[in-house]
$ cat entry-v8.cif   # mmCIF, C-alpha atoms
data_data
#
loop_
_atom_site.label_atom_id
_atom_site.label_comp_id
_atom_site.auth_asym_id
_atom_site.auth_seq_id
_atom_site.Cartn_x
_atom_site.Cartn_y
_atom_site.Cartn_z
CA MET A 16 47.18 173.14 88.49
CA SER A 17 44.45 171.43 86.48
CA THR A 18 40.96 170.90 87.85
CA TYR A 19 41.52 167.13 87.76
CA SER A 20 44.74 167.40 89.79
CA PHE A 21 43.07 169.68 92.34
CA LYS A 22 40.20 167.22 92.85
CA THR A 23 42.66 164.35 93.20
CA LEU A 24 44.67 166.24 95.81
CA TYR A 25 41.46 167.23 97.66
CA LEU A 26 40.22 163.61 97.81
CA PHE A 27 43.67 162.49 98.96
CA LEU A 28 43.62 165.03 101.81
CA ILE A 29 40.15 163.89 102.91
CA LEU A 30 41.20 160.24 102.84
CA PHE A 31 44.41 161.05 104.72
CA SER A 32 42.48 162.98 107.39
CA ALA A 33 39.98 160.15 107.84
CA CYS A 34 42.73 157.54 108.15
CA ASN A 35 44.59 159.76 110.58
CA ALA A 36 41.43 160.19 112.71
CA LEU A 37 40.80 156.44 112.75
CA ALA A 38 44.41 155.79 113.69
CA SER A 39 44.15 158.40 116.45
CA ASP A 40 40.94 156.79 117.81
CA ASP A 41 42.54 153.34 117.74
CA LEU A 42 45.61 154.73 119.47
CA ASN A 43 43.52 156.42 122.17
CA ALA A 44 41.51 153.24 122.73
CA SER A 45 44.70 151.21 122.89
CA ILE A 46 46.29 153.63 125.37
CA GLU A 47 43.18 153.70 127.55
CA GLN A 48 42.96 149.91 127.50
CA GLN A 49 46.65 149.53 128.43
CA THR A 50 46.61 152.22 131.12
CA THR A 51 43.42 150.91 132.79
CA PRO A 52 44.54 148.20 135.21
CA LYS A 53 42.74 144.87 135.14
CA HIS A 54 40.40 144.37 138.07
CA TRP A 55 41.72 142.22 140.93
CA SER A 56 38.85 139.75 140.44
CA GLY A 57 39.52 139.27 136.75
CA LEU A 58 35.92 140.33 136.09
CA PRO A 59 34.15 140.91 133.92
CA LEU A 60 35.29 138.35 131.41
CA LEU A 61 35.75 139.78 127.91
CA ALA A 62 36.23 143.25 129.40
CA ASP A 63 38.98 143.98 126.85
CA LYS A 64 36.60 143.29 123.97
CA ALA A 65 34.05 145.69 125.44
CA ALA A 66 36.73 148.35 125.94
CA GLU A 67 37.81 147.97 122.29
CA ARG A 68 34.26 148.90 121.31
CA GLY A 69 34.34 152.01 123.47
CA HIS A 70 32.18 150.74 126.35
CA LYS A 71 33.01 152.06 129.83
CA LEU A 72 32.28 149.31 132.32
CA PRO A 73 31.37 149.73 136.00
CA ILE A 74 33.55 148.34 138.78
CA PRO A 75 32.51 144.66 138.69
CA ILE A 76 31.91 143.83 142.39
CA GLY A 77 29.25 145.66 144.42
CA LEU A 78 27.82 145.64 147.94
CA THR A 79 24.52 147.46 148.64
CA LEU A 80 22.46 147.95 151.79
CA PHE A 81 18.88 149.02 151.19
CA TYR A 82 15.55 149.57 152.91
CA ASN A 83 12.34 148.33 151.29
CA SER A 84 8.70 148.92 152.21
CA ILE A 85 5.63 147.60 150.40
CA ASP A 86 1.86 147.81 150.93
CA ALA A 87 -0.30 145.43 148.88
CA ASP A 88 -3.57 143.50 148.78
CA TYR A 89 -3.66 139.71 148.84
CA GLU A 90 -6.23 137.01 148.13
CA ALA A 91 -6.95 133.57 149.52
CA VAL A 92 -5.77 130.84 147.17
CA ASN A 93 -7.97 128.24 148.86
CA ASP A 94 -10.65 128.13 151.55
CA PHE A 95 -9.75 129.39 155.00
CA GLN A 96 -9.48 126.50 157.46
CA VAL A 97 -10.17 127.45 161.10
CA GLN A 98 -10.44 125.44 164.30
CA VAL A 99 -12.29 127.13 167.16
CA ASP A 100 -12.08 126.29 170.84
CA GLY A 101 -14.12 127.99 173.53
CA GLY A 102 -17.08 130.33 173.18
CA LEU A 103 -20.25 129.54 171.29
CA LEU A 104 -18.50 128.37 168.09
CA GLY A 105 -16.12 126.19 170.09
CA LEU A 106 -18.77 124.66 172.31
CA ARG A 107 -17.86 121.04 173.11
CA GLY A 108 -14.96 121.67 170.72
CA PRO A 109 -12.56 122.26 169.26
CA ASN A 110 -14.72 122.55 166.14
CA ASP A 111 -13.52 122.85 162.54
CA TYR A 112 -15.03 125.35 160.08
CA VAL A 113 -14.30 126.36 156.49
CA VAL A 114 -14.61 129.96 155.27
CA PRO A 115 -14.98 130.18 151.45
CA ALA A 116 -12.01 131.89 149.80
CA GLU A 117 -14.23 134.58 148.23
CA ASP A 118 -15.30 135.68 151.73
CA VAL A 119 -11.71 136.34 152.82
CA SER A 120 -9.95 139.69 152.30
CA ILE A 121 -6.28 140.26 153.13
CA THR A 122 -4.12 143.36 153.26
CA GLY A 123 -0.43 143.34 154.04
CA SER A 124 2.53 145.57 154.79
CA ASP A 125 6.21 144.63 154.91
CA LYS A 126 9.33 146.57 155.80
CA SER A 127 12.76 145.05 155.35
CA VAL A 128 16.48 145.70 155.37
CA GLN A 129 18.42 143.84 152.68
CA LEU A 130 22.09 143.28 151.92
CA LYS A 131 22.91 142.65 148.27
CA ILE A 132 26.19 141.52 146.73
CA ASP A 133 26.56 141.45 142.95
CA ALA A 134 29.17 140.80 140.29
CA TRP A 135 29.41 141.47 136.57
CA LEU A 136 30.55 138.12 135.17
CA LEU A 137 30.38 139.44 131.61
CA PRO A 138 30.01 143.03 130.37
CA PHE A 139 26.30 142.36 129.82
CA TRP A 140 25.57 139.79 132.57
CA ASN A 141 25.32 140.41 136.30
CA ILE A 142 24.39 137.99 139.10
CA TYR A 143 23.52 138.86 142.69
CA GLY A 144 22.57 137.39 146.03
CA ILE A 145 20.34 138.88 148.74
CA LEU A 146 20.16 138.31 152.49
CA GLY A 147 17.71 140.27 154.61
CA TYR A 148 15.43 140.74 157.58
CA THR A 149 11.71 141.59 157.31
CA GLU A 150 9.01 142.80 159.68
CA GLY A 151 5.50 142.42 158.29
CA ASN A 152 1.85 141.96 159.00
CA LYS A 153 -1.16 140.47 157.29
CA ASP A 154 -4.66 141.61 158.24
CA ILE A 155 -7.02 138.72 157.47
CA ARG A 156 -10.77 139.36 157.61
CA ALA A 157 -13.11 136.39 157.07
CA LYS A 158 -16.88 136.80 156.79
CA LEU A 159 -18.92 134.02 158.46
CA ASP A 160 -22.04 134.45 156.30
CA ASN A 161 -21.47 131.32 154.18
CA VAL A 162 -19.80 129.05 156.75
CA GLU A 163 -21.65 125.77 157.17
CA GLY A 164 -22.35 124.15 160.53
CA LEU A 165 -22.30 127.27 162.67
CA PRO A 166 -24.37 126.78 165.86
CA CYS A 167 -25.55 130.39 165.65
CA GLY A 168 -27.03 129.90 162.17
CA ASP A 169 -28.18 133.03 160.34
CA SER A 170 -27.52 135.17 163.42
CA CYS A 171 -23.80 134.91 162.55
CA ASN A 172 -24.38 136.72 159.26
CA GLY A 173 -22.45 139.97 159.17
CA ILE A 174 -19.89 138.79 161.70
CA VAL A 175 -16.30 139.18 160.50
CA LEU A 176 -13.51 137.07 161.95
CA PRO A 177 -10.46 139.40 162.17
CA ILE A 178 -7.04 137.80 162.46
CA PRO A 179 -4.15 140.27 162.49
CA ILE A 180 -0.83 138.50 161.97
CA SER A 181 2.51 140.10 162.75
CA TYR A 182 5.74 138.34 161.91
CA THR A 183 9.45 138.71 161.40
CA ALA A 184 11.35 136.80 158.75
CA THR A 185 14.81 136.15 157.40
CA ASN A 186 15.09 135.90 153.65
CA TYR A 187 17.61 134.90 151.01
CA GLY A 188 17.53 134.93 147.24
CA LEU A 189 19.35 134.93 143.92
CA GLY A 190 18.90 137.15 140.89
CA THR A 191 20.38 137.98 137.51
CA VAL A 192 20.55 141.01 135.21
CA PHE A 193 21.10 141.19 131.45
CA ALA A 194 21.96 144.67 130.15
CA GLY A 195 22.47 146.26 126.76
CA GLN A 196 22.30 149.58 124.93
CA ILE A 197 20.30 150.95 122.03
CA ALA A 198 20.92 154.08 119.98
CA PRO A 199 19.56 157.39 121.35
CA ILE A 200 16.23 158.63 120.03
CA ILE A 201 16.96 162.29 120.77
CA GLY A 202 20.40 163.69 121.49
CA ASP A 203 23.52 161.56 121.83
CA THR A 204 22.84 159.66 125.08
CA PRO A 205 22.11 155.95 124.42
CA PHE A 206 19.35 154.06 126.21
CA THR A 207 20.16 151.21 128.57
CA ILE A 208 17.80 148.22 128.67
CA MET A 209 17.89 145.67 131.48
CA ALA A 210 16.05 142.39 132.00
CA ILE A 211 15.97 141.29 135.65
CA GLY A 212 14.85 138.07 137.29
CA ALA A 213 14.97 136.95 140.93
CA ILE A 214 13.69 134.26 143.30
CA ILE A 215 13.49 135.04 147.02
CA LYS A 216 12.38 132.85 149.93
CA ALA A 217 11.63 134.00 153.48
CA LYS A 218 11.01 131.90 156.60
CA THR A 219 9.01 133.67 159.26
CA ASP A 220 10.17 133.47 162.86
CA THR A 221 6.88 134.16 164.62
CA THR A 222 4.41 132.15 162.53
CA ASP A 223 4.72 128.85 160.70
CA SER A 224 4.96 130.46 157.29
CA LEU A 225 7.12 130.36 154.15
CA ILE A 226 6.99 133.28 151.71
CA LYS A 227 8.03 132.70 148.09
CA THR A 228 8.60 135.68 145.79
CA LYS A 229 9.34 135.61 142.05
CA LEU A 230 10.27 138.77 140.19
CA ALA A 231 10.71 139.57 136.50
CA SER A 232 11.31 143.12 135.34
CA VAL A 233 12.22 145.05 132.19
CA ARG A 234 13.82 148.47 132.64
CA ILE A 235 14.78 151.22 130.23
CA GLY A 236 16.62 154.43 131.02
CA GLN A 237 19.60 156.67 130.42
CA ARG A 238 22.82 157.56 132.23
CA PHE A 239 24.19 161.10 132.18
CA ASP A 240 27.46 162.75 133.22
CA ILE A 241 27.07 165.21 136.09
CA GLY A 242 30.57 166.59 136.22
CA ALA A 243 32.68 163.58 137.21
CA ASP A 244 29.61 161.80 138.65
CA LYS A 245 26.88 159.77 136.93
CA LEU A 246 23.10 160.09 137.21
CA ALA A 247 20.77 157.46 135.76
CA TRP A 248 16.99 157.14 135.55
CA PHE A 249 14.94 154.03 134.76
CA LEU A 250 11.31 153.24 134.08
CA ALA A 251 10.36 149.62 134.81
CA PHE A 252 7.49 147.24 134.17
CA SER A 253 7.50 144.35 136.63
CA HIS A 254 5.76 141.06 137.28
CA GLN A 255 5.97 139.98 140.92
CA SER A 256 4.22 136.97 142.40
CA VAL A 257 4.13 136.35 146.15
CA ASN A 258 2.84 133.10 147.65
CA GLN A 259 2.59 132.50 151.37
CA ASN A 260 1.23 129.70 153.53
CA VAL A 261 0.16 130.94 156.95
CA THR A 262 -0.66 128.65 159.87
CA GLY A 263 -0.87 129.60 163.52
CA ASP A 264 -3.25 130.47 166.32
CA TYR A 265 -4.89 133.60 167.68
CA SER A 266 -6.57 134.35 171.01
CA PHE A 267 -9.75 136.42 171.24
CA SER A 268 -9.81 136.33 175.05
CA GLY A 269 -10.61 139.77 176.43
CA THR A 270 -12.11 141.00 173.11
CA GLN A 271 -15.71 141.54 172.03
CA LEU A 272 -15.61 138.24 170.13
CA ALA A 273 -14.59 136.17 173.17
CA PRO A 274 -18.20 134.97 173.84
CA LEU A 275 -18.27 133.67 170.27
CA MET A 276 -14.76 132.19 170.10
CA GLU A 277 -11.75 132.17 172.43
CA GLU A 278 -8.93 130.33 170.67
CA VAL A 279 -8.65 129.97 166.88
CA LYS A 280 -6.15 127.92 164.91
CA PHE A 281 -5.93 128.73 161.21
CA ASP A 282 -4.41 127.57 157.94
CA ILE A 283 -4.53 129.54 154.70
CA ASP A 284 -2.60 129.92 151.43
CA LEU A 285 -2.50 133.46 150.11
CA ALA A 286 -1.07 135.24 147.08
CA LYS A 287 -0.58 138.81 145.97
CA LYS A 288 -3.81 140.00 144.36
CA GLU A 289 -2.12 142.03 141.62
CA THR A 290 1.12 140.86 140.02
CA LYS A 291 1.93 143.67 137.58
CA ASN A 292 3.34 147.03 138.54
CA MET A 293 5.43 149.95 137.31
CA SER A 294 8.22 151.86 139.00
CA VAL A 295 10.59 154.76 138.45
CA SER A 296 14.11 154.75 139.88
CA PHE A 297 17.19 156.93 140.08
CA ASN A 298 20.83 155.99 140.66
CA TYR A 299 23.61 158.42 141.47
CA ASP A 300 27.26 157.30 141.21
CA PHE A 301 29.95 159.40 142.84
CA GLY A 302 33.47 159.18 144.24
CA HIS A 303 36.93 159.16 142.70
CA ARG A 304 36.08 156.15 140.51
CA ASN A 305 32.28 156.42 140.86
CA GLU A 306 32.61 153.64 143.41
CA TRP A 307 29.80 154.94 145.64
CA ASN A 308 26.12 155.02 144.68
CA ILE A 309 22.75 156.09 146.06
CA TYR A 310 19.60 154.38 144.76
CA ALA A 311 15.90 155.26 145.10
CA GLU A 312 12.86 153.52 143.59
CA TYR A 313 9.13 154.21 143.83
CA GLY A 314 6.50 151.69 142.71
CA PHE A 315 3.00 152.63 141.61
CA LEU A 316 0.04 151.40 139.53
CA ASN A 317 -1.27 148.34 141.46
CA TRP A 318 0.66 148.64 144.71
CA LYS A 319 3.09 151.03 146.34
CA HIS A 320 6.65 150.30 147.30
CA LEU A 321 9.68 152.35 148.23
CA ILE A 322 13.33 151.27 148.02
CA ILE A 323 16.23 153.40 149.26
CA GLY A 324 19.77 152.07 149.16
CA MET A 325 23.42 152.98 149.31
CA GLY A 326 26.28 150.88 147.98
CA ARG A 327 29.92 150.69 147.12
CA ARG A 328 31.73 148.90 144.33
CA PHE A 329 35.10 147.22 144.87
#

$ encode --input "entry-v8.cif" --output "C-alpha cells"
Amino acid sequence: MSTYSFKTLYLFLILFSACNALASDDLNASIEQQTTPKHWSGLPLLADKAAERGHKLPIPIGLTLFYNSIDADYEAVNDFQVQVDGGLLGLRGPNDYVVPAEDVSITGSDKSVQLKIDAWLLPFWNIYGILGYTEGNKDIRAKLDNVEGLPCGDSCNGIVLPIPISYTATNYGLGTVFAGQIAPIIGDTPFTIMAIGAIIKAKTDTTDSLIKTKLASVRIGQRFDIGADKLAWFLAFSHQSVNQNVTGDYSFSGTQLAPLMEEVKFDIDLAKKETKNMSVSFNYDFGHRNEWNIYAEYGFLNWKHLIIGMGRRF
C-alpha cells in the first residue's frame, strides 16, 4: 500500500472514530433525556435544553427549615427622642429631651427560625419565599453629656441612659437567585457563580417596631461528587442593610437611676453600622435522588452570623 493510501485510510479511521464518538454522546444524551421523567411541576422551564447541553439540574421544588443567629453593631440614624416622667429629669413632667445621634451606641443580637420554600423557574433562575419567627434584643446606651435643658446641668455629664429592648417578631420575605457556571481553573470541576437578592420585613410583637432588611450577595464555589452524594462549598461577599424604627417605654423603678428618671418613652431610627460582610458555606446533598440536604454558613469580617439548615426537595 502506498504512503498516500495509508495516510488517507488513517485520516478516514480518525474521522470515523470521532463521528462515532459524537453519535454515541448524542445517543447517550438522548437516552438520558428520554428516560428521565419530567417533573410533576413542569419546572424548570427549558429543562430539556439544559439537559441537551449536559447540565444536571436539581429537583426544582425545595423546602428548608433553618436556624439563624447574628450579632452586630448598629447606629442611630437620627437623634434619640426621649420623654421622661418622674424623678429629677421628669420633675413637673413629662419632659422631652433629645440625645444627639453621635452619643448613642447600639448593639444587637437576633436568633430566628425560618421556613423557606423555593422553586427553579428556569435552569438558571430560582425564586423563594421566607416565613419566620425571631427573638432579639437591642442594647441602647445614650450619653446625657450633650443633652440640652437638663435640670441637673453639668452634673449629668458621664451619666448613660441604658435601655435594653427585648422583642419577638414574625417576618416574611421574597428573594431570587441567578446561577451559572464557568470553566474550572484547576482540575475538571467547574465553578458555580450565584447572584442573590432578598427583601425581608419583620413586625415585632413586643415593641412598636418594623425591621426592614435588604440583602445582595455574590457567591462562588464548586460542587463535588462524594460517592452518590454531592458536597458544595461557597465563598460569598454580601451587602446587607437593616433599618429599624423603635418606639416604646421603659421603667427604671427599682433601679439606681430611679431618682433621676422613673418612666421613659423613646423613639429612635437605627441601622446596621456595617453593611458589608463575607461568609463561607457548605451544602451536602444526599438520598436516593439527592433530595435531602444539610446547609451550614458562617459569616465573618464585620459581624458574625451562623446559619444551620436542613431541607428536602420534591

$ closest_residue --input "entry-v8.cif" --among "A:Phe81, A:Tyr143, A:Trp55, A:Phe95" --to "A:Asn308" --atoms "only C-alpha atoms"
A:Phe81

$ resolve_selection --input "entry-v8.cif" --expression "the PyMOL selection byres ((chain A and resi 85) around 6)" --output "PyMOL selection string"
chain A and resi 84+86+124-125+319-320

$ resolve_selection --input "entry-v8.cif" --expression "the PyMOL selection byres ((chain A and resi 243-250) around 6)" --output "list in words"
Arg234, Ile235, Gly236, Gln237, Arg238, Phe239, Asp240, Ile241, Gly242, Ala251, Ser294, Val295, Ser296, Phe297, Asn298, Tyr299, Asp300 and Phe301 of chain A

$ atom_distance --input "entry-v8.cif" --atom1 "atom CA of A:Asn161" --atom2 "atom CA of A:Val113"
9.0 Å

$ closest_residue --input "entry-v8.cif" --among "A:Pro179, A:Ile174, A:Asp284, A:Ile309" --to "A:Asn93" --atoms "only C-alpha atoms"
A:Asp284

$ resolve_selection --input "entry-v8.cif" --expression "the PyMOL selection byres ((chain A and resi 147) around 7)" --output "ChimeraX atom specification"
/A:127-130,145-146,148-149,185-187

$ atom_distance --input "entry-v8.cif" --atom1 "atom CA of A:Gly101" --atom2 "atom CA of A:Gly151"
28.7 Å

$ atom_distance --input "entry-v8.cif" --atom1 "atom CA of A:Ser232" --atom2 "atom CA of A:Phe252"
5.7 Å

$ residues_near_point --input "entry-v8.cif" --point "(7.8, 138.3, 149.1)" --cutoff "10 Å" --atoms "all atoms listed in the file" --output "PyMOL selection string"
chain A and resi 85+125+149+186+214-217+225-230+255-259+286-287

$ closest_residue --input "entry-v8.cif" --among "A:Gln271, A:Asn172, A:Asn152, A:Ser266" --to "A:Lys126" --atoms "all atoms listed in the file"
A:Asn152
